[in-house]
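Below is one structure, written out as structure tokens; the observations come after it.
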There are 2 protein chains.
Amino acid sequence: MGDTRAEFGDWLKARAQQVESVLDELLPEPATLPPHLHEAMRYAVLGSGKRIRAALVYAAGEASLTPGISASAQEIALDHAAAAVELIHAYSLVHDDLPCMDDDDLRRGKPTVHVQYDEATAMLAGDALQPLAFEVLSQMPIAPALTVQATVLLARAAGSQGMVGGQAIDCASVGRSLTREQLQQMHVMKTGAMLEASVLLGGIVAGASSTVRAGLETYAQAVGLAFQVADDILDVTADTATLGKTAGKDEASNKPTYVSLLGLGDARSLSLELRDTAHTALRPLGTASGRLAELADFIVGRDR
Amino acid sequence: MGDTRAEFGDWLKARAQQVESVLDELLPEPATLPPHLHEAMRYAVLGSGKRIRAALVYAAGEASLTPGISASAQEIALDHAAAAVELIHAYSLVHDDLPCMDDDDLRRGKPTVHVQYDEATAMLAGDALQPLAFEVLSQMPIAPALTVQATVLLARAAGSQGMVGGQAIDCASVGRSLTREQLQQMHVMKTGAMLEASVLLGGIVAGASSTVRAGLETYAQAVGLAFQVADDILDVTADTATLGKTAGKDEASNKPTYVSLLGLGDARSLSLELRDTAHTALRPLGTASGRLAELADFIVGRDR
């Protein structure tokens, strides 16, 4: 689970490497029939990405460690939960980038999947990453009742009242002005739901008590929203090379954002308020929640 | 679970109505945010379809009934398993019909989802039906260990080495000639995997013994393949009005089929052989497997 004294940057890098190697292991070999599909799935998932969702799983697991559960079983289960959220996230990016959605050619500095392969392969690769996430989650070596809880949580976060629902509202809102409440509702679903699920999965897997779960929930909601506010800020302040994706895309496509709605200064203030809410929610969890606190700082302060 | 003395046609109709009402209950209300997504999901799933996969779940459950498991819990669990396979099937049809795939305008006699709504909504509706299937399956009121087994089974059948993998091979095979072995491999994955999973899910949910599961597996493999052979035969012998989808589509798009490979006569013989294999596999299961036997006959003899 990483040395708690390590610098945050090193810890985060180690967690990214950890989930990368778990994903590499869990994804079918590229030669498996049909090879072009498995190549595209591996291309979509491996090799890059900040792995913030995986880091949230690991950090929440660290904050919730329960004596009495085998440490090695817990570590394998956290690896599977971290891989599952990254698989869902990766599939959503592949589909979001398709021409019928955002029509983006560049992602994490590489050609998007439909540019590298073709549209049909990109759609099918996304379609296949999703059940793989549920398979991987079902293979956690923990009490089956906890696995079932985790599956329901992931399914809801990924579904029509979570991530996909937010994406549908986002698509429908292009060129329209939204109220702050509507914009927030969209982001709570589109980005927040999976970030929140990542935190709660770490807690479930590690056998978190209901007090700890309540703290994690408040933390996760604040961080989920802060992530999107920071993203909107970056879209106007960073350049394409730094972002690894097309900067200024939201403004060009006339999408409502926190910056277009509140202005840059108030958007920055909002992200700092959300960070403080996240920190306060972690207080009852004590020092074990240190990585979660650092992740909140990182999400608000990141430059890409 | 239906009166075993009812005529097969009435039994099948009753099971289709049963799963329809379960799906209607489990799908979010059309007014739920975002309404256009939920309307499209309901449009994709409700109102039509033969519900063969659901019928296989119910029939396999009937064949595997285990004393000692609460009959009402078992019935609810079979309803959820039947709904889950129909949700996966419905999502796959929505995505298969998209312009970047088969580009079909007509499905079950109605405009396809992307024609009725738009491409982005169709893709997202499919993306959201998939996690709903896993959520619904996770809510079966049976031992969590069985639910986890069922989830792994469904995830594999729906994934890159099952249904989606078969679809990817199908896309890549347009205009190419395949050997009978390659064609069979494609169909075993594309159609067979989910039909097989439907049968096995019914068995798992009803607590089938390993002997019963082995019989179900052989039955399911034969029926899965027979279904596709019958489909290829229908594509050349039925008309568009009867099929409710565009007839002659395979030939027009130069797709390899059992008919193009074996000729109509040998394709018919193959489907009858597979029916016999299915019947033989059911012998050790006794009279409780009567509906499965009738389903094999129906799948081979259907006219749409």
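Identifiers in the structure tokens: chain A, B, ... in order shown; residue index from 1 per chain; ligand index from 1 in order shown.
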Return as a tab-separated table the residues of chain A lying at most 9 Å from chain B, together with the closest atom-to-atom pair for each and the distance in Å to one decimal, counting only C-alpha atoms, with rows in chain order and ascending residue number.
residue	atom	partner	partner_atom	distance
A:Pro28	CA	B:Ser160	CA	8.6
A:Thr32	CA	B:Gln161	CA	8.3
A:Leu33	CA	B:Gln161	CA	7.1
A:Pro34	CA	B:Gly165	CA	6.1
A:His36	CA	B:Ala168	CA	8.3
A:Leu37	CA	B:Ala168	CA	6.7
A:His38	CA	B:Ser160	CA	7.4
A:Ser92	CA	B:Asp127	CA	8.8
A:His95	CA	B:Met123	CA	8.2
A:Cys100	CA	B:Ala120	CA	5.5
A:Met101	CA	B:Ala120	CA	5.8
A:Asp118	CA	B:Cys100	CA	9.0
A:Glu119	CA	B:Cys100	CA	6.1
A:Ala120	CA	B:Cys100	CA	5.5
A:Thr121	CA	B:Ala168	CA	6.9
A:Met123	CA	B:His95	CA	8.2
A:Leu124	CA	B:Val164	CA	6.3
A:Ala125	CA	B:Ser160	CA	7.8
A:Gly126	CA	B:Asp127	CA	8.9
A:Asp127	CA	B:Val164	CA	7.0
A:Ala128	CA	B:Gly159	CA	4.7
A:Leu129	CA	B:Gly159	CA	7.5
A:Gln130	CA	B:Gln130	CA	7.9
A:Pro131	CA	B:Ala155	CA	4.7
A:Leu132	CA	B:Ala155	CA	6.5
A:Ala133	CA	B:Ala155	CA	8.5
A:Phe134	CA	B:Ala155	CA	6.4
A:Glu135	CA	B:Val152	CA	5.1
A:Val136	CA	B:Val152	CA	8.3
A:Ser138	CA	B:Val148	CA	5.9
A:Gln139	CA	B:Val152	CA	7.9
A:Ala143	CA	B:Ala145	CA	8.4
A:Pro144	CA	B:Ala145	CA	5.2
A:Ala145	CA	B:Pro144	CA	5.2
A:Leu146	CA	B:Pro144	CA	8.7
A:Thr147	CA	B:Val148	CA	7.3
A:Val148	CA	B:Ser138	CA	5.9
A:Gln149	CA	B:Ser138	CA	8.1
A:Thr151	CA	B:Ser138	CA	6.9
A:Val152	CA	B:Glu135	CA	5.1
A:Leu153	CA	B:Glu135	CA	8.3
A:Leu154	CA	B:Pro131	CA	8.2
A:Ala155	CA	B:Pro131	CA	4.8
A:Arg156	CA	B:Glu135	CA	7.1
A:Ala157	CA	B:Pro131	CA	8.9
A:Ala158	CA	B:Pro131	CA	6.5
A:Gly159	CA	B:Ala128	CA	4.7
A:Ser160	CA	B:Ala128	CA	5.1
A:Gln161	CA	B:Leu33	CA	7.2
A:Met163	CA	B:Ala128	CA	8.8
A:Val164	CA	B:Ala128	CA	6.1
A:Gly165	CA	B:Pro34	CA	6.1
A:Gly166	CA	B:Pro34	CA	7.9
A:Gln167	CA	B:Leu124	CA	7.9
A:Ala168	CA	B:Leu37	CA	6.7
A:Ile169	CA	B:Pro34	CA	6.3
A:Cys171	CA	B:Ala120	CA	7.8
What's around B:Glu196 at 12 Å? Count only C-alpha atoms, leave out sequence neighbours fewer than 2 positions away in its own chain, and write the answer as a ChimeraX atom specification. /B:52-54,56-57,60,85,153-154,156-158,162-163,187-194,198-203,213-227,278
Could you pull out the residues in stretch 78-284 of chain A that DSSP calls strand (DSSP E or B) from the backbone, as a compact mmCIF listing (two decimals) with C-alpha atoms, in the first residue's frame?
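Wrote selection_34.txt, looks like this:
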# COMPACT_ATOMS: atom_id res chain seq x y z
CA LEU A 106 -6.26 13.70 -29.62
CA ARG A 107 -6.35 12.17 -26.12
CA LYS A 110 -2.05 10.20 -28.66
CA PRO A 111 -4.49 9.73 -31.55
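Near A:Pro284, within a cut-off of 10 Å and counting only C-alpha atoms, sit the residues Thr211, Val212, Ala214, Gly215, Thr280, Ala281, Thr287 and Ser289 of chain A, with same-chain residues fewer than 3 positions away left out.
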Export C-alpha atoms of the chosen residues as a PDB file, in the first residue's frame?
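Saved as selection-v9.pdb:
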ATOM      1  CA  THR A 211     -18.917   6.535  10.184  1.00  0.00           C
ATOM      2  CA  VAL A 212     -15.958   6.239   7.865  1.00  0.00           C
ATOM      3  CA  ALA A 214     -20.191   8.899   5.729  1.00  0.00           C
ATOM      4  CA  GLY A 215     -16.936  10.891   5.836  1.00  0.00           C
ATOM      5  CA  THR A 280     -13.100  18.923   6.869  1.00  0.00           C
ATOM      6  CA  ALA A 281     -14.918  15.696   5.968  1.00  0.00           C
ATOM      7  CA  THR A 287      -4.110  10.381   9.952  1.00  0.00           C
ATOM      8  CA  SER A 289      -6.757   9.639   5.481  1.00  0.00           C
TER       9      SER A 289
END
Close residues, A:Val300 itself excluded, 12 Å, only C-alpha atoms, min 4 positions apart in chain, as a ChimeraX atom specification: /A:222-234,267-276,278,293-296,304
Pairwise distance, atom CA of B:Arg302 with atom CA of B:Ile204, equals 27.6 Å
